[in-house]
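Asks: Pasting a structure here, questions to come.
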Amino acid sequence: QVQLVESGGGLVQPGGSLRLSCVGSDSIFSDRTMAWYRQAPGKQRLRVATITSRGETTYSESVKGRFTISRDNAKITVDLQMNSLKPEDTAVYYCNVYPPHAPSWGQGTQVTVSS
């Protein structure tokens, strides 16, 4: 199984930016479709961005135009650049393969958007 570690979260004001990073532990990562997910307090975990092994991307409507997912297969990383952040983006952010593999969920990284 692929082990994944997320980082880069923090407290940011509305309109600000953050860049999240996810590091994988296994070279098999390079052949998988990867995704970023988020879970707000009391809500379901939802997928916000996806990137295939060839670099094709998709986004949820709530983040389209503001978030950008990217990957570096050599470094076994997948990043999420988040711009124009809104309070409703507050959540714990996770990366995983898509479809998600339950044993590969990491601790996530907290993003809080507040003035």
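Residue names in the structure tokens use chain letters A, B, ... in the order shown, residue numbers from 1 in each chain, and ligand numbers from 1 in the order shown.
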Skipping near chain neighbours, those fewer than 2 positions away, what residues fall within 7 Å of Ser70 in chain A using only C-alpha atoms, listed as a PyMOL selection string?
Replies: chain A and resi 68+78-80
Asks: DSSP on the backbone, helix (DSSP H, G or I) only: what residues of range 29-90 of chain A does that give? Format it as an MDAnalysis selection string.
Replies: chainID A and resid 29:31 87:89
Asks: With only C-alpha atoms as the counted atoms, please give the residues lying no more than 6 Å from Ser7 in chain A, apart from itself and same-chain residues fewer than 4 positions off, as a PyMOL selection string.
Replies: chain A and resi 20-21+109
Asks: Once you have the residues from the selection above, write them out as an mmCIF file, in the first residue's frame, restricted to C-alpha atoms.
Replies:
```cif
data_model
loop_
_atom_site.group_PDB
_atom_site.id
_atom_site.type_symbol
_atom_site.label_atom_id
_atom_site.label_comp_id
_atom_site.auth_asym_id
_atom_site.auth_seq_id
_atom_site.Cartn_x
_atom_site.Cartn_y
_atom_site.Cartn_z
ATOM 1 C CA LEU A 20 -0.277 21.862 0.088
ATOM 2 C CA SER A 21 2.115 19.024 -0.587
ATOM 3 C CA THR A 109 -3.311 18.891 6.993
#
```
Asks: Please identify all polymer residues within 10 Å of Arg66 in chain A, counting only C-alpha atoms, omitting same-chain residues fewer than 6 positions from it, and present them as a list in words.
Replies: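 Here the answer would be Ser17, Tyr59, Gln81, Met82, Asn83, Ser84 and Leu85 of chain A.
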Asks: Grab the residues selected above and save them as a CSV table (one decimal), in the first residue's frame with all heavy atoms.
Replies:
```
chain,number,residue,atom,x,y,z
A,17,SER,N,-3.5,32.6,0.0
A,17,SER,CA,-3.1,31.4,-0.8
A,17,SER,C,-2.3,30.5,0.1
A,17,SER,O,-1.7,30.9,1.1
A,17,SER,CB,-2.2,31.8,-2.0
A,17,SER,OG,-2.9,32.6,-2.9
A,59,TYR,N,-11.6,19.2,-11.4
A,59,TYR,CA,-11.8,19.9,-10.2
A,59,TYR,C,-13.3,19.9,-9.8
A,59,TYR,O,-14.2,19.9,-10.7
A,59,TYR,CB,-11.4,21.3,-10.3
A,59,TYR,CG,-9.9,21.5,-10.6
A,59,TYR,CD1,-9.4,21.5,-11.9
A,59,TYR,CD2,-8.9,21.5,-9.6
A,59,TYR,CE1,-8.1,21.6,-12.2
A,59,TYR,CE2,-7.6,21.6,-9.8
A,59,TYR,CZ,-7.1,21.7,-11.1
A,59,TYR,OH,-5.8,21.7,-11.4
A,81,GLN,N,-2.1,23.9,-5.2
A,81,GLN,CA,-2.0,25.3,-5.0
A,81,GLN,C,-3.4,25.9,-4.8
A,81,GLN,O,-4.3,25.7,-5.7
A,81,GLN,CB,-1.3,25.9,-6.2
A,81,GLN,CG,-1.2,27.4,-6.2
A,81,GLN,CD,-0.3,28.0,-5.1
A,81,GLN,OE1,0.7,27.4,-4.8
A,81,GLN,NE2,-0.8,29.0,-4.4
A,82,MET,N,-3.6,26.6,-3.7
A,82,MET,CA,-5.0,27.1,-3.4
A,82,MET,C,-4.9,28.6,-3.4
A,82,MET,O,-4.2,29.2,-2.5
A,82,MET,CB,-5.5,26.5,-2.1
A,82,MET,CG,-5.4,25.0,-2.0
A,82,MET,SD,-6.2,24.4,-0.5
A,82,MET,CE,-5.1,25.1,0.7
A,83,ASN,N,-5.6,29.3,-4.2
A,83,ASN,CA,-5.7,30.7,-4.3
A,83,ASN,C,-7.1,31.2,-4.0
A,83,ASN,O,-8.0,30.5,-4.1
A,83,ASN,CB,-5.2,31.2,-5.7
A,83,ASN,CG,-3.8,30.8,-6.0
A,83,ASN,OD1,-2.9,30.7,-5.1
A,83,ASN,ND2,-3.5,30.6,-7.3
A,84,SER,N,-7.2,32.5,-3.7
A,84,SER,CA,-8.5,33.1,-3.4
A,84,SER,C,-9.3,32.3,-2.4
A,84,SER,O,-10.5,32.0,-2.7
A,84,SER,CB,-9.3,33.3,-4.8
A,84,SER,OG,-8.5,34.0,-5.7
A,85,LEU,N,-8.6,32.0,-1.4
A,85,LEU,CA,-9.3,31.1,-0.4
A,85,LEU,C,-10.5,31.8,0.3
A,85,LEU,O,-10.5,33.0,0.5
A,85,LEU,CB,-8.3,30.7,0.7
A,85,LEU,CG,-7.3,29.5,0.2
A,85,LEU,CD1,-6.1,29.5,1.0
A,85,LEU,CD2,-8.0,28.2,0.1
```
Asks: Which neighbours of Gln13 in chain A fall inside 6 Å, counting only C-alpha atoms, when residues of the same chain fewer than 6 positions from it are skipped, and could you give them as a compact mmCIF listing (two decimals) with N, CA, C and O atoms, in the first residue's frame?
Replies:
```txt
# COMPACT_ATOMS: atom_id res chain seq x y z
N VAL A 113 -9.39 29.15 7.02
CA VAL A 113 -9.50 30.44 6.33
C VAL A 113 -10.38 31.34 7.19
O VAL A 113 -11.58 31.11 7.32
N SER A 114 -9.76 32.34 7.78
CA SER A 114 -10.48 33.19 8.72
C SER A 114 -9.77 34.52 8.86
O SER A 114 -8.54 34.59 8.79
N SER A 115 -10.55 35.55 9.09
CA SER A 115 -9.97 36.87 9.33
C SER A 115 -9.79 37.09 10.83
O SER A 115 -9.30 38.14 11.25
```
Asks: Near Val97 in chain A, counting only C-alpha atoms, which residues have an atom at most 6 Å away, once you skip same-chain residues fewer than 3 positions from it, shown as a count of residues only?
Replies: 4
Asks: I'd like the contact shell of range 47-56 of chain A - 8 Å cut-off, only C-alpha atoms, skipping same-chain residues fewer than 4 positions apart - returned as a compact mmCIF listing (two decimals) with N, CA, C and O atoms, in the first residue's frame.
Replies:
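Final output, part.txt:
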```txt
# COMPACT_ATOMS: atom_id res chain seq x y z
N SER A 30 3.50 6.74 -9.15
CA SER A 30 3.62 7.36 -10.47
C SER A 30 2.63 6.80 -11.47
O SER A 30 2.36 7.42 -12.50
N ASP A 31 2.06 5.63 -11.19
CA ASP A 31 1.12 5.00 -12.13
C ASP A 31 -0.33 5.21 -11.72
O ASP A 31 -1.23 4.74 -12.42
N ARG A 32 -0.56 5.91 -10.63
CA ARG A 32 -1.91 6.04 -10.09
C ARG A 32 -2.50 7.42 -10.35
O ARG A 32 -1.78 8.42 -10.40
N THR A 33 -3.81 7.44 -10.52
CA THR A 33 -4.53 8.71 -10.46
C THR A 33 -4.56 9.14 -9.00
O THR A 33 -4.91 8.35 -8.13
N MET A 34 -4.16 10.38 -8.74
CA MET A 34 -4.12 10.91 -7.39
C MET A 34 -5.16 12.00 -7.22
O MET A 34 -5.59 12.63 -8.19
N ALA A 35 -5.54 12.24 -5.98
CA ALA A 35 -6.56 13.26 -5.72
C ALA A 35 -6.32 13.92 -4.37
O ALA A 35 -5.69 13.33 -3.48
N TRP A 36 -6.81 15.12 -4.26
CA TRP A 36 -6.91 15.80 -2.97
C TRP A 36 -8.38 15.77 -2.55
O TRP A 36 -9.28 16.00 -3.37
N TYR A 37 -8.58 15.52 -1.27
CA TYR A 37 -9.90 15.46 -0.67
C TYR A 37 -9.90 16.43 0.51
O TYR A 37 -8.85 16.79 1.05
N ARG A 38 -11.09 16.81 0.96
CA ARG A 38 -11.17 17.62 2.17
C ARG A 38 -12.41 17.24 2.97
O ARG A 38 -13.40 16.77 2.42
N SER A 60 -13.61 19.97 -8.54
CA SER A 60 -14.99 20.16 -8.14
C SER A 60 -15.38 21.59 -8.49
O SER A 60 -14.52 22.49 -8.59
N SER A 62 -16.70 23.74 -6.70
CA SER A 62 -16.46 24.67 -5.60
C SER A 62 -15.04 25.25 -5.61
O SER A 62 -14.80 26.30 -5.00
N VAL A 63 -14.09 24.58 -6.30
CA VAL A 63 -12.72 25.07 -6.28
C VAL A 63 -12.20 25.40 -7.67
O VAL A 63 -11.08 25.93 -7.81
N PHE A 67 -8.08 26.54 -7.44
CA PHE A 67 -7.12 25.52 -7.02
C PHE A 67 -6.46 24.90 -8.25
O PHE A 67 -7.11 24.75 -9.30
N THR A 68 -5.20 24.51 -8.08
CA THR A 68 -4.48 23.82 -9.14
C THR A 68 -3.73 22.63 -8.55
O THR A 68 -2.94 22.79 -7.62
N ILE A 69 -3.99 21.46 -9.11
CA ILE A 69 -3.30 20.25 -8.67
C ILE A 69 -2.17 19.95 -9.64
O ILE A 69 -2.29 20.17 -10.85
N SER A 70 -1.06 19.48 -9.09
CA SER A 70 0.09 19.13 -9.93
C SER A 70 0.81 17.95 -9.29
O SER A 70 0.59 17.65 -8.12
N ARG A 71 1.67 17.32 -10.06
CA ARG A 71 2.40 16.17 -9.52
C ARG A 71 3.79 16.10 -10.11
O ARG A 71 4.06 16.61 -11.20
N TYR A 98 -7.08 7.74 -6.41
CA TYR A 98 -8.48 7.78 -6.78
C TYR A 98 -8.77 6.59 -7.68
O TYR A 98 -8.08 6.40 -8.67
```
Asks: Select, from A:Asp26, A:Glu61, A:Glu6, A:Glu88, the residue with the minimum atom-to-atom distance to Pro41 in chain A, counting only C-alpha atoms.
Replies: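 With only C-alpha atoms as the atom set, the closest residue is A:Glu88.
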Asks: Interatomic distance between CA of Ala91 in chain A and CA of Ala74 in chain A?
Replies: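 Atom-to-atom, CA of Ala91 in chain A to CA of Ala74 in chain A, that is 28.7 Å.
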Asks: What gap, in Å, lies between CA of Gln39 in chain A and CA of Tyr94 in chain A?
Replies: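 Taking CA of Gln39 in chain A as the start and CA of Tyr94 in chain A as the end point, the length is 8.2 Å.
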